[in-house]
>>> print(open('start33.pdb').read())   # PDB, C-alpha atoms
ATOM      1  CA  MET A   1       0.000   0.000   0.000
ATOM      2  CA  LYS A   2       1.278   3.472  -0.888
ATOM      3  CA  THR A   3       1.951   6.014   1.823
ATOM      4  CA  ALA A   4       0.350   9.463   1.553
ATOM      5  CA  LYS A   5       3.652  10.915   0.346
ATOM      6  CA  GLU A   6       4.086   8.204  -2.315
ATOM      7  CA  ALA A   7       0.515   8.643  -3.568
ATOM      8  CA  PHE A   8       1.125  12.401  -3.721
ATOM      9  CA  MET A   9       4.056  11.713  -6.034
ATOM     10  CA  SER A  10       2.282  10.059  -8.964
ATOM     11  CA  PRO A  11       3.106  11.786 -12.286
ATOM     12  CA  VAL A  12       0.176  13.545 -13.947
ATOM     13  CA  SER A  13      -0.184  14.291 -17.671
ATOM     14  CA  ARG A  14      -0.724  18.001 -18.444
ATOM     15  CA  PRO A  15      -1.606  19.746 -21.717
ATOM     16  CA  VAL A  16       0.956  21.673 -23.759
ATOM     17  CA  SER A  17       0.059  24.585 -26.027
ATOM     18  CA  LEU A  18       1.727  24.673 -29.425
ATOM     19  CA  PRO A  19       3.504  26.529 -30.871
ATOM     20  CA  HIS A  20       5.874  26.707 -27.920
ATOM     21  CA  PRO A  21       8.642  29.338 -27.674
ATOM     22  CA  ILE A  22      11.327  26.765 -26.811
ATOM     23  CA  LEU A  23      10.796  24.886 -30.105
ATOM     24  CA  PRO A  24       8.411  27.022 -32.202
ATOM     25  CA  ALA A  25       8.183  24.456 -35.032
ATOM     26  CA  ALA A  26       7.174  21.630 -32.642
ATOM     27  CA  ASP A  27       4.205  19.647 -33.897
ATOM     28  CA  TRP A  28       4.004  17.182 -30.999
ATOM     29  CA  ALA A  29       4.399  17.641 -27.253
ATOM     30  CA  ASP A  30       3.621  16.125 -23.905
ATOM     31  CA  ARG A  31       4.187  17.131 -20.312
ATOM     32  CA  PHE A  32       4.092  15.304 -17.016
ATOM     33  CA  THR A  33       4.222  16.883 -13.572
ATOM     34  CA  LEU A  34       5.011  15.527 -10.156
ATOM     35  CA  GLY A  35       4.470  17.110  -6.752
ATOM     36  CA  LEU A  36       7.514  16.699  -4.529
ATOM     37  CA  PRO A  37       7.581  17.174  -0.762
ATOM     38  CA  VAL A  38      11.031  18.806  -0.928
ATOM     39  CA  GLU A  39      12.470  22.306  -1.044
ATOM     40  CA  ASN A  40      15.435  23.711  -2.993
ATOM     41  CA  LEU A  41      15.637  21.101  -5.763
ATOM     42  CA  THR A  42      17.139  22.711  -8.871
ATOM     43  CA  ALA A  43      16.228  21.789 -12.433
ATOM     44  CA  ARG A  44      19.784  20.563 -13.085
ATOM     45  CA  GLU A  45      19.611  18.278 -10.030
ATOM     46  CA  ALA A  46      16.218  16.968 -11.176
ATOM     47  CA  ALA A  47      17.580  16.321 -14.678
ATOM     48  CA  ARG A  48      20.539  14.431 -13.236
ATOM     49  CA  LEU A  49      18.273  12.353 -10.979
ATOM     50  CA  ALA A  50      16.047  11.474 -13.947
ATOM     51  CA  LEU A  51      18.611  10.846 -16.637
ATOM     52  CA  GLU A  52      21.631   9.456 -14.811
ATOM     53  CA  HIS A  53      19.704   6.617 -13.180
ATOM     54  CA  PRO A  54      17.505   5.018 -15.853
ATOM     55  CA  PRO A  55      16.043   1.605 -14.987
ATOM     56  CA  GLY A  56      17.853  -1.373 -16.528
ATOM     57  CA  TRP A  57      14.998  -2.055 -18.957
ATOM     58  CA  VAL A  58      15.312   1.521 -20.283
ATOM     59  CA  ARG A  59      19.037   1.038 -20.916
ATOM     60  CA  LYS A  60      18.249  -2.186 -22.815
ATOM     61  CA  LEU A  61      15.592  -0.402 -24.888
ATOM     62  CA  MET A  62      18.104   2.307 -25.797
ATOM     63  CA  VAL A  63      20.638  -0.283 -26.975
ATOM     64  CA  LEU A  64      17.905  -1.854 -29.135
ATOM     65  CA  ARG A  65      16.846   1.583 -30.406
ATOM     66  CA  ASN A  66      20.428   2.435 -31.382
ATOM     67  CA  ALA A  67      20.781  -0.828 -33.317
ATOM     68  CA  LEU A  68      17.475  -0.299 -35.142
ATOM     69  CA  VAL A  69      18.066   3.332 -36.181
ATOM     70  CA  ALA A  70      21.738   3.034 -37.180
ATOM     71  CA  PRO A  71      20.938   1.799 -40.738
ATOM     72  CA  PHE A  72      18.863   4.957 -41.271
ATOM     73  CA  GLY A  73      21.738   7.263 -40.337
ATOM     74  CA  LEU A  74      20.011   8.591 -37.208
ATOM     75  CA  LYS A  75      21.921   9.733 -34.132
ATOM     76  CA  GLY A  76      22.131   7.046 -31.497
ATOM     77  CA  ALA A  77      21.423   7.658 -27.844
ATOM     78  CA  ALA A  78      24.529   7.964 -25.692
ATOM     79  CA  GLU A  79      26.005   4.571 -24.868
ATOM     80  CA  GLU A  80      27.188   5.805 -21.489
ATOM     81  CA  VAL A  81      25.458   8.276 -19.237
ATOM     82  CA  ARG A  82      27.608  11.401 -19.138
ATOM     83  CA  THR A  83      27.088  14.633 -17.276
ATOM     84  CA  SER A  84      29.042  17.866 -17.543
ATOM     85  CA  GLU A  85      28.207  21.536 -18.003
ATOM     86  CA  ALA A  86      27.470  20.736 -21.675
ATOM     87  CA  GLU A  87      25.332  17.604 -21.204
ATOM     88  CA  ILE A  88      23.179  15.791 -18.683
ATOM     89  CA  GLY A  89      22.660  12.066 -18.919
ATOM     90  CA  GLY A  90      24.070  12.080 -22.448
ATOM     91  CA  PHE A  91      21.712  14.813 -23.714
ATOM     92  CA  PRO A  92      23.194  18.166 -24.818
ATOM     93  CA  VAL A  93      22.247  21.152 -22.628
ATOM     94  CA  VAL A  94      20.578  23.857 -24.746
ATOM     95  CA  SER A  95      20.062  26.218 -21.791
ATOM     96  CA  ALA A  96      20.039  25.986 -18.006
ATOM     97  CA  SER A  97      18.969  27.986 -14.973
ATOM     98  CA  ASP A  98      18.063  26.997 -11.417
ATOM     99  CA  ASP A  99      14.411  26.474 -12.329
ATOM    100  CA  ARG A 100      14.672  25.232 -15.953
ATOM    101  CA  VAL A 101      16.946  23.002 -17.995
ATOM    102  CA  VAL A 102      16.419  22.519 -21.728
ATOM    103  CA  LEU A 103      18.084  19.505 -23.332
ATOM    104  CA  GLY A 104      17.964  18.217 -26.898
ATOM    105  CA  PHE A 105      19.268  18.376 -30.427
ATOM    106  CA  ASP A 106      18.209  18.499 -34.049
ATOM    107  CA  ASP A 107      18.494  15.471 -36.331
ATOM    108  CA  ARG A 108      17.453  14.623 -39.886
ATOM    109  CA  HIS A 109      14.221  12.925 -38.840
ATOM    110  CA  LEU A 110      13.192  15.128 -35.908
ATOM    111  CA  ASP A 111      14.240  17.943 -33.592
ATOM    112  CA  PHE A 112      13.450  17.545 -29.912
ATOM    113  CA  ARG A 113      13.751  19.321 -26.612
ATOM    114  CA  ILE A 114      13.317  17.975 -23.097
ATOM    115  CA  VAL A 115      12.318  20.786 -20.740
ATOM    116  CA  ILE A 116      12.688  20.166 -17.013
ATOM    117  CA  ASP A 117      11.101  22.789 -14.772
ATOM    118  CA  VAL A 118      11.082  22.998 -10.985
ATOM    119  CA  ARG A 119       8.637  25.407  -9.349
ATOM    120  CA  GLN A 120       8.303  26.381  -5.705
ATOM    121  CA  ASP A 121       4.512  26.555  -5.909
ATOM    122  CA  ARG A 122       3.341  24.391  -3.032
ATOM    123  CA  PRO A 123       3.035  25.263   0.662
ATOM    124  CA  SER A 124       5.492  22.467   1.492
ATOM    125  CA  GLY A 125       7.243  21.349  -1.638
ATOM    126  CA  GLN A 126       7.870  21.842  -5.323
ATOM    127  CA  THR A 127       6.352  20.810  -8.639
ATOM    128  CA  LEU A 128       8.607  19.078 -11.118
ATOM    129  CA  SER A 129       7.584  19.176 -14.781
ATOM    130  CA  VAL A 130       9.079  17.298 -17.733
ATOM    131  CA  MET A 131       7.920  18.476 -21.140
ATOM    132  CA  THR A 132       8.977  16.956 -24.445
ATOM    133  CA  LEU A 133       8.689  19.016 -27.626
ATOM    134  CA  VAL A 134       9.194  17.405 -31.042
ATOM    135  CA  HIS A 135       9.296  18.738 -34.572
ATOM    136  CA  ARG A 136       8.978  15.856 -37.015
ATOM    137  CA  ASN A 137      11.014  16.786 -40.095
ATOM    138  CA  ASN A 138       9.813  14.057 -42.435
ATOM    139  CA  LEU A 139       7.969  10.752 -42.767
ATOM    140  CA  LEU A 140      10.754   8.916 -40.947
ATOM    141  CA  GLY A 141      10.304  11.292 -37.999
ATOM    142  CA  ARG A 142       6.562  10.629 -37.949
ATOM    143  CA  LEU A 143       7.073   6.863 -38.067
ATOM    144  CA  TYR A 144       9.795   6.986 -35.442
ATOM    145  CA  LEU A 145       7.660   8.993 -33.028
ATOM    146  CA  ALA A 146       4.655   6.697 -33.563
ATOM    147  CA  VAL A 147       6.802   3.685 -32.640
ATOM    148  CA  VAL A 148       8.524   5.185 -29.586
ATOM    149  CA  MET A 149       5.608   7.180 -28.143
ATOM    150  CA  PRO A 150       4.192   4.431 -25.866
ATOM    151  CA  PHE A 151       7.695   3.724 -24.515
ATOM    152  CA  HIS A 152       8.432   7.439 -24.139
ATOM    153  CA  LYS A 153       5.369   8.031 -21.958
ATOM    154  CA  LEU A 154       6.152   5.018 -19.781
ATOM    155  CA  ILE A 155       9.811   6.014 -19.437
ATOM    156  CA  VAL A 156       9.019   9.624 -18.461
ATOM    157  CA  ARG A 157       6.468   8.515 -15.857
ATOM    158  CA  ARG A 158       8.874   5.942 -14.382
ATOM    159  CA  MET A 159      11.766   8.390 -14.291
ATOM    160  CA  LEU A 160       9.641  10.993 -12.521
ATOM    161  CA  SER A 161       8.463   8.409  -9.989
ATOM    162  CA  GLY A 162      12.095   7.366  -9.517
ATOM    163  CA  ILE A 163      13.074  10.937  -8.682
ATOM    164  CA  GLY A 164      10.354  11.036  -6.045
ATOM    165  CA  ARG A 165      11.450   7.731  -4.510
ATOM    166  CA  ARG A 166      15.138   8.721  -4.454
ATOM    167  CA  LEU A 167      14.340  12.078  -2.859
ATOM    168  CA  LEU A 168      12.122  10.493  -0.192
ATOM    169  CA  THR A 169      14.781   7.892   0.606
ATOM    170  CA  SER A 170      17.649  10.379   0.752
ATOM    171  CA  ARG A 171      15.809  12.881   2.959
ATOM    172  CA  ARG A 172      14.457  10.541   5.630
TER
END
>>> encode(input="start33.pdb", output="structure tokens")
Amino acid sequence: MKTAKEAFMSPVSRPVSLPHPILPAADWADRFTLGLPVENLTAREAARLALEHPPGWVRKLMVLRNALVAPFGLKGAAEEVRTSEAEIGGFPVVSASDDRVVLGFDDRHLDFRIVIDVRQDRPSGQTLSVMTLVHRNNLLGRLYLAVVMPFHKLIVRRMLSGIGRRLLTSRR
């Protein structure tokens, strides 16, 4: 049975209005939010918690994805999870502040951005938001997104839940 804090931390899907200023040409987007009973979490820390600790099944899916897209000349996901000022979890940093990190890159088939926001908007905690913006450049981009979309939604939800669990465990 879930505790009150764990139930509070279930990711919720939220609408996204397009066009969006971060990727004005985006033609697909989603956003998930999670209430966190913590203070002072930065967007960079949240991005690191989400992207540096993917579940094993996600790592296996990425290896499979890389093998499947290589014949089409598409960029592969990072084989190892790297973090520096220029990238987080293998994704290039487009921009970063304490309350927002934008990750992503442009490729032949699609351009994408991952936007991680942290807001101090709760009486005792913060709201974490992960938004994905995609501009599909061609038919291959449309097909690719159609295939990965169910996995994408599951991965984002699981990663958000994982952040919540790690934060609860580390702050007890």
>>> closest_residue(input="start33.pdb", among="A:Leu168, A:Ile163, A:Ala96, A:Leu154", to="Val58 in chain A", atoms="all atoms listed in the file")
A:Leu154
>>> residues_around(input="start33.pdb", residues="Val118 in chain A", least_positions_apart="6", cutoff="6 Å", atoms="all atoms listed in the file", output="JSON, numbers by chain")
{"A": [43, 99, 127, 128]}
>>> write_last_selection(input="start33.pdb", atoms="C-alpha atoms", output="mmCIF file, in the coordinates of the input")
data_model
loop_
_atom_site.group_PDB
_atom_site.id
_atom_site.type_symbol
_atom_site.label_atom_id
_atom_site.label_comp_id
_atom_site.auth_asym_id
_atom_site.auth_seq_id
_atom_site.Cartn_x
_atom_site.Cartn_y
_atom_site.Cartn_z
ATOM 1 C CA ALA A 43 16.228 21.789 -12.433
ATOM 2 C CA ASP A 99 14.411 26.474 -12.329
ATOM 3 C CA THR A 127 6.352 20.810 -8.639
ATOM 4 C CA LEU A 128 8.607 19.078 -11.118
#
>>> residues_around(input="start33.pdb", residues="Ala25 in chain A", least_positions_apart="2", cutoff="12 Å", atoms="all atoms listed in the file", output="ChimeraX atom specification")
/A:18-23,27-29,106,110-113,133-137
>>> atom_distance(input="start33.pdb", atom1="CA of Phe151 in chain A", atom2="CA of Val12 in chain A")
16.3 Å
>>> atom_distance(input="start33.pdb", atom1="CA of Val148 in chain A", atom2="CA of Ser129 in chain A")
20.4 Å
>>> atom_distance(input="start33.pdb", atom1="CA of Lys60 in chain A", atom2="CA of Leu160 in chain A")
18.8 Å
